[in-house]
Amino acid sequence: MQLDLIFHSLSDITRRDILRRVAHEDQPIKTLAAHYALTFAGIAKHIHVLEKARLIKKRKSGREQIVSANTETIRLSQKHLERYQEILACRYNQLDQLLHKM
Amino acid sequence: MHKAIFTPDETKATLTIERHFDAPRAKVWAAHTQSELLEQWWAPLPWKAVTKTHDFREGGHWHYYMSGPNSEKEWCFVSYSDIQPEVRFSGDDYFCDDEGKKNDAMPSMHWKTEFLEEAGGTKIISTIVLPSKEDLEKILSMGMQEGYTMALNQLEEILSK
């Protein structure tokens with residue numbers, strides 16, 4: 001299921017960071033890999049997880065593989081603030097219940 | 001249930017949240033500043049906040065983790081400052097490890113919460129200062145994970161468009 005893949009992808013801090021970088025601008029895998037203390041294969045694995053969740057796309061440019069954010073992801077990120085507000089609202093609803101018990 | 005009023009200011013990278021509670025200010029303050037109470041509301045279900053250490057004073061901290069439904073552990077740190085009892089307190093939030101060492105890949109977030117008595121209870125005003133728009137997105141992708149259950153329906157809707 002697509003949603004599970006997305007959440008699984010976002011559950012990892014390195015993948016979130018990769019996504020953030022490519023959302024900002026398209027990048028060759030090699031450039032991305034240089035940011036992390038992981039092997040190239042390790043990064044490629046993370047990228048594969050992100051790709052499977054359709055959060056990113058890969059394309060070939062000469063001998064390089066370029067990673068870019070999927071436009072769907074952009075739309076999602078525009079919804080982030082809304083979602084964050086929901087989390088806070090949920091928190092406060094829980095606080096209501098606690099205060100009621102106190 | 002009262003509605004939270006959100007006022008995002010993307011140019012200043014701040015988010016202001018106002019919320020009324022039907023409880024006296026002393027109780028709302030206690031719920032924000034005592035870890036055994038914080039644990040009962042801080043994490044959005046099904047996540048749970050679990051305290052490692054808590055010391056509510058200026059220069060003190062709350063070191064805890066968010067325990068997830070699939071036994072995830074997201075360690076968080078709150079460093080307290082500018083405490084005026086039952087009036088306001090500030091803090092810096094960041095993600096860390098189980099020893100409290102800051103995760104430098106993630107931005108920290110500075111915020112201030114004010115407590116005001118008003119008819120029928122207490123109003124809190126929280127102002128969150130976000131370092132940059134880019135960092136905002138980082139923090140939100142973390143928040144999205146915490147809000148897993150709640151976000152599902154909405155996300156499904158977005159994806160189906």
# chains A, B, ... in the order shown; residues from 1 in each chain; ligands from 1
call {"tool": "closest_atom_pairs", "arguments": {"of": "segment 27-92 of chain B", "to": "segment 9-13 of chain A", "cutoff": "12 Å", "atoms": "only C-alpha atoms", "output": "CSV"}}
result
residue,atom,partner,partner_atom,distance
B:Gly68,CA,A:Ser11,CA,10.5
B:Asn70,CA,A:Ser11,CA,10.7
B:Ser71,CA,A:Ser11,CA,11.9
B:Glu72,CA,A:Ser11,CA,8.7
B:Lys73,CA,A:Ser11,CA,10.5
B:Glu74,CA,A:Ser11,CA,9.7
call {"tool": "interface_residues", "arguments": {"of": "chain A", "to": "chain B", "cutoff": "6 Å", "atoms": "only C-alpha atoms", "output": "MDAnalysis selection string"}}
result
chainID A and resid 80 87 91 94:95
call {"tool": "residues_around", "arguments": {"residues": "Leu19 of chain A", "least_positions_apart": "2", "cutoff": "10 Å", "atoms": "only C-alpha atoms", "output": "list in words"}}
result
Ser9, Leu10, Ile13, Thr14, Arg15, Arg16, Asp17, Arg21, Val22, Ala23, His24, Glu25, Ile47, Leu50, Leu55, Ile56, Val67, Ser68, Ala69, Asn70 and Thr73 of chain A; Lys138 and Ser141 of chain B
call {"tool": "write_last_selection", "arguments": {"atoms": "C-alpha atoms", "output": "CSV table (one decimal), in the first residue's frame"}}
result
chain,number,residue,atom,x,y,z
A,9,SER,CA,10.2,5.9,3.9
A,10,LEU,CA,9.8,8.9,6.2
A,13,ILE,CA,16.1,10.3,9.4
A,14,THR,CA,18.6,9.8,6.5
A,15,ARG,CA,15.8,9.3,4.0
A,16,ARG,CA,14.0,12.4,5.3
A,17,ASP,CA,17.2,14.3,4.8
A,21,ARG,CA,17.8,17.8,-0.4
A,22,VAL,CA,16.2,16.6,-3.6
A,23,ALA,CA,13.0,18.6,-3.0
A,24,HIS,CA,15.3,21.6,-3.0
A,25,GLU,CA,17.1,20.6,-6.2
A,47,ILE,CA,17.0,5.9,-2.5
A,50,LEU,CA,12.1,6.4,-1.4
A,55,LEU,CA,8.6,10.1,-3.2
A,56,ILE,CA,11.4,10.6,-5.6
A,67,VAL,CA,17.5,12.0,-8.2
A,68,SER,CA,14.6,14.4,-8.2
A,69,ALA,CA,11.5,14.9,-5.9
A,70,ASN,CA,8.2,13.5,-7.2
A,73,THR,CA,5.8,15.0,-2.7
B,138,LYS,CA,12.3,18.8,8.0
B,141,SER,CA,8.3,15.4,8.1
call {"tool": "atom_distance", "arguments": {"atom1": "atom CA of Gln84 of chain B", "atom2": "atom CA of Gln97 of chain A"}}
result
25.3 Å
call {"tool": "atom_distance", "arguments": {"atom1": "atom CA of Trp111 of chain B", "atom2": "atom CA of Arg57 of chain B"}}
result
15.7 Å
call {"tool": "select_by_dssp", "arguments": {"residues": "segment 9-94 of chain B", "states": "helix (DSSP H, G or I)", "output": "list in words"}}
result
Arg25, Ala26, Lys27, Val28, Trp29, Ala30, Ala31, His32, Thr33, Ser35, Glu36, Leu37 and Leu38 of chain B
call {"tool": "select_by_dssp", "arguments": {"residues": "segment 40-147 of chain B", "states": "strand (DSSP E or B)", "output": "ChimeraX atom specification"}}
result
/B:48-54,61-67,73-84,88-96,102,109-118,121-129
call {"tool": "atom_distance", "arguments": {"atom1": "atom CA of Ile128 of chain B", "atom2": "atom CA of Tyr36 of chain A"}}
result
29.2 Å
